[in-house]
>>> print(open('input.txt').read())   # compact mmCIF, C-alpha atoms and all ligand atoms
# COMPACT_ATOMS: atom_id res chain seq x y z
CA MET A 1 176.51 39.89 47.88
CA ILE A 2 175.04 42.70 45.77
CA ARG A 3 175.31 46.34 46.75
CA PHE A 4 174.18 49.47 44.93
CA ASP A 5 175.44 52.79 46.32
CA GLU A 6 173.56 55.82 45.00
CA VAL A 7 173.39 54.33 41.50
CA SER A 8 171.96 56.35 38.64
CA LYS A 9 171.75 55.40 35.00
CA THR A 10 170.84 57.73 32.17
CA TYR A 11 170.84 56.07 28.76
CA SER A 12 170.82 59.29 26.79
CA ARG A 13 171.25 62.83 28.00
CA LYS A 14 167.74 63.88 27.01
CA ALA A 15 165.94 60.98 28.68
CA ARG A 16 164.98 60.80 32.33
CA PRO A 17 167.17 58.42 34.33
CA ALA A 18 166.32 54.70 34.15
CA LEU A 19 167.69 54.42 37.69
CA ASP A 20 167.90 57.42 39.98
CA GLY A 21 169.96 57.29 43.17
CA VAL A 22 169.33 53.62 43.93
CA SER A 23 170.92 52.24 47.12
CA LEU A 24 170.28 48.60 47.87
CA GLU A 25 171.94 45.71 49.61
CA ILE A 26 171.07 42.06 48.92
CA LEU A 27 172.53 39.49 51.27
CA LYS A 28 173.62 35.92 50.66
CA GLY A 29 170.68 33.53 50.48
CA GLU A 30 167.96 36.17 50.04
CA PHE A 31 165.06 35.85 47.59
CA VAL A 32 164.22 39.30 46.27
CA PHE A 33 161.40 40.33 43.95
CA LEU A 34 161.88 43.45 41.85
CA VAL A 35 158.50 44.91 40.99
CA GLY A 36 157.29 48.11 39.36
CA ALA A 37 155.56 49.33 36.22
CA SER A 38 156.99 48.71 32.78
CA GLY A 39 159.98 51.02 32.32
CA SER A 40 160.56 51.51 36.06
CA GLY A 41 164.13 50.18 35.79
CA LYS A 42 163.99 46.50 36.81
CA SER A 43 165.87 45.14 33.81
CA THR A 44 168.38 47.96 34.00
CA LEU A 45 169.11 47.01 37.61
CA ILE A 46 169.59 43.35 36.63
CA ARG A 47 171.82 44.28 33.71
CA MET A 48 173.98 46.33 36.06
CA VAL A 49 174.54 43.32 38.32
CA LEU A 50 175.72 41.45 35.20
CA ARG A 51 177.88 44.42 34.22
CA GLU A 52 176.06 44.64 30.92
CA GLU A 53 175.41 48.28 31.75
CA SER A 54 177.53 50.64 33.81
CA PRO A 55 176.20 53.31 36.16
CA THR A 56 176.29 56.93 35.10
CA GLU A 57 176.83 57.69 38.79
CA GLY A 58 177.37 55.58 41.87
CA GLU A 59 178.92 52.18 42.51
CA VAL A 60 177.79 48.58 42.11
CA HIS A 61 179.52 45.83 44.11
CA VAL A 62 178.81 42.16 43.38
CA LEU A 63 180.44 39.33 45.37
CA GLY A 64 182.94 41.77 46.85
CA GLN A 65 183.97 43.15 43.47
CA ARG A 66 183.64 46.82 42.63
CA LEU A 67 182.31 46.43 39.10
CA LYS A 68 183.69 49.74 37.88
CA ALA A 69 187.16 48.48 38.70
CA LEU A 70 186.68 45.17 36.91
CA PRO A 71 188.68 45.10 33.64
CA SER A 72 186.61 44.12 30.56
CA ARG A 73 188.74 41.03 29.97
CA ARG A 74 187.71 39.71 33.38
CA VAL A 75 183.97 40.21 32.83
CA PRO A 76 183.33 36.74 31.30
CA PHE A 77 185.08 35.13 34.25
CA PHE A 78 183.08 37.31 36.69
CA ARG A 79 179.80 36.28 34.99
CA ARG A 80 180.41 32.63 35.78
CA ASN A 81 179.18 33.53 39.25
CA LEU A 82 175.80 34.62 37.91
CA GLY A 83 173.09 32.37 36.55
CA VAL A 84 170.59 34.21 34.36
CA VAL A 85 167.09 33.29 33.21
CA PHE A 86 164.89 35.34 30.87
CA GLN A 87 161.24 35.43 29.87
CA ASP A 88 162.01 34.01 26.42
CA PHE A 89 164.12 31.01 27.55
CA ARG A 90 166.92 31.66 24.98
CA LEU A 91 167.74 28.01 24.35
CA LEU A 92 169.86 26.76 21.46
CA ASN A 93 167.13 25.34 19.23
CA ASN A 94 169.28 22.84 17.33
CA LYS A 95 170.70 21.29 20.51
CA THR A 96 169.05 18.77 22.78
CA VAL A 97 168.16 19.46 26.40
CA TYR A 98 171.35 17.69 27.49
CA GLU A 99 173.49 19.61 24.99
CA ASN A 100 171.98 22.96 25.95
CA VAL A 101 173.06 22.43 29.56
CA ALA A 102 176.39 20.76 28.73
CA PHE A 103 177.32 23.55 26.33
CA THR A 104 177.67 26.18 29.08
CA LEU A 105 180.05 23.88 30.94
CA GLN A 106 182.07 23.13 27.79
CA VAL A 107 182.47 26.85 27.14
CA ILE A 108 184.06 27.36 30.55
CA GLY A 109 186.37 24.41 30.06
CA LYS A 110 184.86 21.82 32.43
CA SER A 111 186.08 18.25 31.95
CA ARG A 112 184.00 15.59 30.21
CA GLY A 113 183.82 13.67 33.47
CA PHE A 114 182.44 16.67 35.33
CA ILE A 115 179.91 17.38 32.58
CA SER A 116 178.67 13.79 32.42
CA GLU A 117 177.88 13.91 36.14
CA ALA A 118 176.66 17.50 36.52
CA VAL A 119 174.20 17.56 33.60
CA PRO A 120 172.07 14.52 34.56
CA ASP A 121 172.16 15.74 38.17
CA VAL A 122 170.79 19.17 37.36
CA LEU A 123 168.22 17.77 34.89
CA LYS A 124 166.92 15.63 37.71
CA THR A 125 166.78 18.67 40.02
CA VAL A 126 164.62 20.57 37.52
CA GLY A 127 162.39 17.55 36.81
CA LEU A 128 163.59 16.77 33.28
CA ALA A 129 165.50 13.55 33.87
CA GLY A 130 163.59 11.68 31.16
CA LYS A 131 163.78 14.40 28.53
CA ALA A 132 167.52 14.86 28.02
CA SER A 133 167.44 13.96 24.33
CA ARG A 134 164.49 16.17 23.34
CA LEU A 135 164.93 19.30 21.26
CA PRO A 136 163.50 22.56 22.65
CA HIS A 137 160.56 22.55 20.20
CA GLU A 138 159.55 19.14 21.58
CA LEU A 139 159.02 20.65 25.04
CA SER A 140 156.27 22.74 26.63
CA GLY A 141 157.04 26.32 27.62
CA GLY A 142 157.41 25.33 31.26
CA GLU A 143 159.82 22.56 30.34
CA GLN A 144 161.84 24.94 28.19
CA GLN A 145 162.13 27.30 31.13
CA ARG A 146 163.28 24.38 33.29
CA VAL A 147 166.07 23.74 30.77
CA ALA A 148 167.04 27.42 30.96
CA ILE A 149 167.09 27.21 34.76
CA ALA A 150 169.15 24.00 34.65
CA ARG A 151 171.62 25.74 32.38
CA ALA A 152 171.77 28.76 34.69
CA VAL A 153 172.46 26.78 37.86
CA VAL A 154 174.47 23.78 36.62
CA ASN A 155 177.72 25.45 37.64
CA ARG A 156 176.24 26.31 41.06
CA PRO A 157 176.51 30.09 40.84
CA PRO A 158 176.01 31.96 44.13
CA ILE A 159 173.52 34.33 42.44
CA LEU A 160 170.59 33.61 40.10
CA LEU A 161 169.05 36.55 38.24
CA ALA A 162 165.64 36.01 36.67
CA ASP A 163 164.02 38.66 34.47
CA GLU A 164 160.29 37.81 34.23
CA PRO A 165 160.94 34.06 34.09
CA THR A 166 157.22 33.24 34.17
CA GLY A 167 156.16 35.96 31.73
CA ASN A 168 155.37 33.46 28.93
CA LEU A 169 153.81 30.75 31.10
CA ASP A 170 150.31 29.98 32.33
CA PRO A 171 149.59 30.22 36.08
CA SER A 172 149.93 26.55 36.96
CA THR A 173 153.17 26.16 34.99
CA SER A 174 154.44 29.36 36.65
CA ALA A 175 153.71 27.88 40.07
CA GLY A 176 155.96 24.92 39.23
CA ILE A 177 158.74 27.23 38.11
CA MET A 178 158.40 29.28 41.32
CA ALA A 179 158.60 26.11 43.41
CA LEU A 180 161.80 25.24 41.58
CA LEU A 181 163.29 28.70 42.12
CA ALA A 182 162.33 28.52 45.81
CA ARG A 183 164.08 25.15 46.10
CA ILE A 184 167.22 26.53 44.44
CA ASN A 185 167.09 29.45 46.89
CA GLU A 186 166.74 27.07 49.84
CA GLY A 187 169.97 25.45 48.65
CA GLY A 188 171.72 28.76 49.41
CA THR A 189 171.57 30.53 46.04
CA THR A 190 170.66 34.21 46.19
CA VAL A 191 167.75 34.82 43.79
CA VAL A 192 166.76 38.19 42.33
CA MET A 193 163.63 38.07 40.19
CA ALA A 194 161.89 40.85 38.26
CA THR A 195 158.20 40.22 37.77
CA HIS A 196 154.85 41.78 36.92
CA GLU A 197 152.88 38.91 38.40
CA ALA A 198 151.12 39.97 41.58
CA SER A 199 149.86 36.51 42.49
CA ILE A 200 153.36 35.05 42.53
CA VAL A 201 154.74 37.81 44.76
CA ASN A 202 151.74 37.63 47.08
CA GLU A 203 152.03 33.87 47.37
CA MET A 204 155.76 33.79 48.17
CA GLN A 205 155.91 36.58 50.79
CA LYS A 206 159.60 37.27 50.17
CA ARG A 207 161.50 40.54 50.11
CA VAL A 208 159.97 43.02 47.68
CA VAL A 209 161.82 45.98 46.18
CA GLU A 210 159.49 48.27 44.23
CA LEU A 211 160.84 50.67 41.63
CA ASP A 212 158.97 53.68 40.33
CA ALA A 213 160.61 55.70 37.56
CA GLY A 214 164.04 54.48 38.63
CA VAL A 215 163.56 55.20 42.34
CA ILE A 216 163.11 52.60 45.08
CA MET A 217 159.74 53.48 46.57
CA ARG A 218 159.41 50.38 48.78
CA ASP A 219 161.72 47.73 50.20
CA GLU A 220 159.94 45.24 52.46
CA ALA A 221 161.48 42.15 54.04
CA SER A 222 158.36 40.09 53.43
CA GLY A 223 155.89 41.81 51.21
CA SER A 224 153.18 41.68 48.61
CA TYR A 225 153.02 42.99 45.07
CA ARG A 226 151.37 46.15 46.26
CA ARG A 227 152.01 48.07 49.42
CA GLN A 228 149.72 47.02 52.27
CA LEU A 229 148.29 49.63 54.63
CA ALA A 230 148.79 48.65 58.26
CA SER A 231 145.32 49.94 59.10
CA HIS A 232 143.76 47.85 56.32
CA ALA A 233 145.50 44.56 56.97
CA GLY A 234 145.02 42.14 54.09
CA GLU A 235 143.41 44.71 51.85
CA GLU A 236 145.34 45.78 48.78
CA LEU A 237 145.65 49.34 47.59
CA ALA A 238 144.42 49.83 44.04
N1 LIG A 301 169.34 50.23 26.01
C1 LIG A 301 168.55 51.26 26.33
N2 LIG A 301 168.70 52.45 25.70
C2 LIG A 301 167.93 53.53 26.00
N3 LIG A 301 166.97 53.50 26.95
C3 LIG A 301 166.77 52.34 27.60
C4 LIG A 301 167.54 51.17 27.33
N4 LIG A 301 167.11 50.17 28.16
C5 LIG A 301 166.11 50.71 28.90
N5 LIG A 301 165.91 52.00 28.58
C6 LIG A 301 164.93 52.91 29.21
O1 LIG A 301 165.19 52.89 30.60
C7 LIG A 301 163.97 52.86 31.35
C8 LIG A 301 163.93 51.63 32.25
O2 LIG A 301 163.83 50.47 31.44
P1 LIG A 301 163.91 48.99 32.01
O3 LIG A 301 163.93 48.07 30.82
O4 LIG A 301 165.03 48.90 32.97
O5 LIG A 301 162.53 48.87 32.77
P2 LIG A 301 161.72 47.61 33.29
O6 LIG A 301 161.19 47.99 34.62
O7 LIG A 301 162.59 46.41 33.21
O8 LIG A 301 160.54 47.48 32.24
P3 LIG A 301 159.73 46.17 31.77
O9 LIG A 301 158.93 45.74 32.94
O10 LIG A 301 158.89 46.68 30.62
O11 LIG A 301 160.75 45.14 31.32
C9 LIG A 301 162.85 52.93 30.33
O12 LIG A 301 162.47 54.29 30.19
C10 LIG A 301 163.51 52.44 29.05
O13 LIG A 301 162.90 52.99 27.91
>>> encode(input="input.txt", output="structure tokens", more="lines below")
Ligand SMILES: Nc1ncnc2c1ncn2[C@@H]1O[C@H](COP(=O)(O)OP(=O)(O)OP(=O)(O)O)[C@@H](O)[C@H]1O
Amino acid sequence: MIRFDEVSKTYSRKARPALDGVSLEILKGEFVFLVGASGSGKSTLIRMVLREESPTEGEVHVLGQRLKALPSRRVPFFRRNLGVVFQDFRLLNNKTVYENVAFTLQVIGKSRGFISEAVPDVLKTVGLAGKASRLPHELSGGEQQRVAIARAVVNRPPILLADEPTGNLDPSTSAGIMALLARINEGGTTVVMATHEASIVNEMQKRVVELDAGVIMRDEASGSYRRQLASHAGEELA
């Protein structure tokens, strides 16, 4: 689904690399947390999957496509396969919940009939069936993030990328968003989520890829926010 082969990224020649020799394979249907300190390269990795950034060295493959070989004019079409959610929701503030979700489908040329079925369906999935005509400012933060998730998945992309999707939410609202992401993942969507929130990662026990200064220092099939020592089962390292 997603493969990084020895990928490095240096934004400017003087700076240290944001990613440094990263090799990684993410399979269909996986739920993967990207963790690591601020500046460790999580967002850079996500932006590379979207082909918003290109590697300085190495190759990125997404859905069988070698991204380096993808012509720029085909990038918008390629991105239809990728749902994206950010910390700051990025909704269109003058459009209703319904219009925010419908808009993405209009842009890619879906028929009115398709849109009028798909939008109520996905709003129901994210728990916003009764709020279709609200404007974003009439919603709580958690509800706004649900709209953003609805918009990201309405076209049923095989991959959902989430960059700190719970970063602006309180713990109980975050738990609801994580339950929603888990449900979307159970439907077969591959989810890659960058986060700083230890409790969420510890709770979910999914694959954890930890970056440190652009290097993968840990990749566990079912892990916690911090590396666990086998001899100290259950006890976290500081
Ligand atoms: N557009 C850019 N131009 C120059 N340097 C950048 C750019 N984007 C990121 N960097 C640098 O690359 C490194 C990795 O940044 P990145 O945003 O990928 O980290 P992160 O792990 O997502 O951090 P955070 O958790 O704070 O979002 C940092 O040193 C950052 O300053």
>>> residues_near_ligand(input="input.txt", ligand="ligand LIG 301 (chain A)", cutoff="8 Å", atoms="all atoms listed in the file", output="PyMOL selection string")
chain A and resi 10-12+15-19+35-45+163-164+194-196+211+213-214
>>> write_last_selection(input="input.txt", atoms="C-alpha atoms", output="compact mmCIF listing (two decimals), in the frame of the given file")
# COMPACT_ATOMS: atom_id res chain seq x y z
CA THR A 10 170.84 57.73 32.17
CA TYR A 11 170.84 56.07 28.76
CA SER A 12 170.82 59.29 26.79
CA ALA A 15 165.94 60.98 28.68
CA ARG A 16 164.98 60.80 32.33
CA PRO A 17 167.17 58.42 34.33
CA ALA A 18 166.32 54.70 34.15
CA LEU A 19 167.69 54.42 37.69
CA VAL A 35 158.50 44.91 40.99
CA GLY A 36 157.29 48.11 39.36
CA ALA A 37 155.56 49.33 36.22
CA SER A 38 156.99 48.71 32.78
CA GLY A 39 159.98 51.02 32.32
CA SER A 40 160.56 51.51 36.06
CA GLY A 41 164.13 50.18 35.79
CA LYS A 42 163.99 46.50 36.81
CA SER A 43 165.87 45.14 33.81
CA THR A 44 168.38 47.96 34.00
CA LEU A 45 169.11 47.01 37.61
CA ASP A 163 164.02 38.66 34.47
CA GLU A 164 160.29 37.81 34.23
CA ALA A 194 161.89 40.85 38.26
CA THR A 195 158.20 40.22 37.77
CA HIS A 196 154.85 41.78 36.92
CA LEU A 211 160.84 50.67 41.63
CA ALA A 213 160.61 55.70 37.56
CA GLY A 214 164.04 54.48 38.63
>>> residues_around(input="input.txt", residues="Phe89 of chain A", least_positions_apart="5", cutoff="7 Å", atoms="all atoms listed in the file", output="number ranges by chain")
A: 144-145, 148
>>> residues_around(input="input.txt", residues="Val107 of chain A", least_positions_apart="4", cutoff="12 Å", atoms="only C-alpha atoms", output="PyMOL selection string")
chain A and resi 76-77+80+99-103+111-112+115+155
>>> atom_distance(input="input.txt", atom1="atom CA of Val122 of chain A", atom2="atom CA of Val154 of chain A")
5.9 Å
>>> closest_residue(input="input.txt", among="A:Pro136, A:Ser174, A:Ala118, A:Lys68", to="Arg156 of chain A", atoms="only C-alpha atoms")
A:Ala118
>>> atom_distance(input="input.txt", atom1="atom CA of Met217 of chain A", atom2="atom CA of Gly64 of chain A")
26.0 Å
>>> residues_around(input="input.txt", residues="Val60 of chain A", least_positions_apart="5", cutoff="9 Å", atoms="only C-alpha atoms", output="PDB file with C-alpha atoms, in the frame of the given file")
ATOM      1  CA  ILE A   2     175.040  42.700  45.770  1.00  0.00           C
ATOM      2  CA  ARG A   3     175.310  46.340  46.750  1.00  0.00           C
ATOM      3  CA  PHE A   4     174.180  49.470  44.930  1.00  0.00           C
ATOM      4  CA  ASP A   5     175.440  52.790  46.320  1.00  0.00           C
ATOM      5  CA  GLU A   6     173.560  55.820  45.000  1.00  0.00           C
ATOM      6  CA  VAL A   7     173.390  54.330  41.500  1.00  0.00           C
ATOM      7  CA  MET A  48     173.980  46.330  36.060  1.00  0.00           C
ATOM      8  CA  VAL A  49     174.540  43.320  38.320  1.00  0.00           C
ATOM      9  CA  ARG A  51     177.880  44.420  34.220  1.00  0.00           C
ATOM     10  CA  SER A  54     177.530  50.640  33.810  1.00  0.00           C
ATOM     11  CA  PRO A  55     176.200  53.310  36.160  1.00  0.00           C
ATOM     12  CA  GLN A  65     183.970  43.150  43.470  1.00  0.00           C
ATOM     13  CA  ARG A  66     183.640  46.820  42.630  1.00  0.00           C
ATOM     14  CA  LEU A  67     182.310  46.430  39.100  1.00  0.00           C
ATOM     15  CA  LYS A  68     183.690  49.740  37.880  1.00  0.00           C
TER      16      LYS A  68
END
>>> atom_distance(input="input.txt", atom1="atom CA of Glu220 of chain A", atom2="atom CA of Arg183 of chain A")
21.5 Å
>>> closest_residue(input="input.txt", among="A:Ala198, A:Ile216, A:Ile46, A:Val62", to="Gly21 of chain A", atoms="all atoms listed in the file")
A:Ile216
>>> closest_residue(input="input.txt", among="A:Leu92, A:Val208, A:Leu180, A:Arg227", to="Leu24 of chain A", atoms="all atoms listed in the file")
A:Val208
>>> closest_residue(input="input.txt", among="A:Leu181, A:Asp20, A:Leu139, A:Asn81", to="Thr166 of chain A", atoms="all atoms listed in the file")
A:Leu181
>>> residues_near_point(input="input.txt", point="(163.3, 25.9, 40.1)", cutoff="9 Å", atoms="all atoms listed in the file", output="VMD selection string")
chain A and resid 125 to 126 146 149 to 150 176 to 185
>>> closest_residue(input="input.txt", among="A:Val215, A:Ala175, A:Asn168, A:Phe31", to="Lys9 of chain A", atoms="only C-alpha atoms")
A:Val215
>>> closest_residue(input="input.txt", among="A:Phe86, A:Tyr98, A:Lys28, A:Met193", to="Glu117 of chain A", atoms="all atoms listed in the file")
A:Tyr98
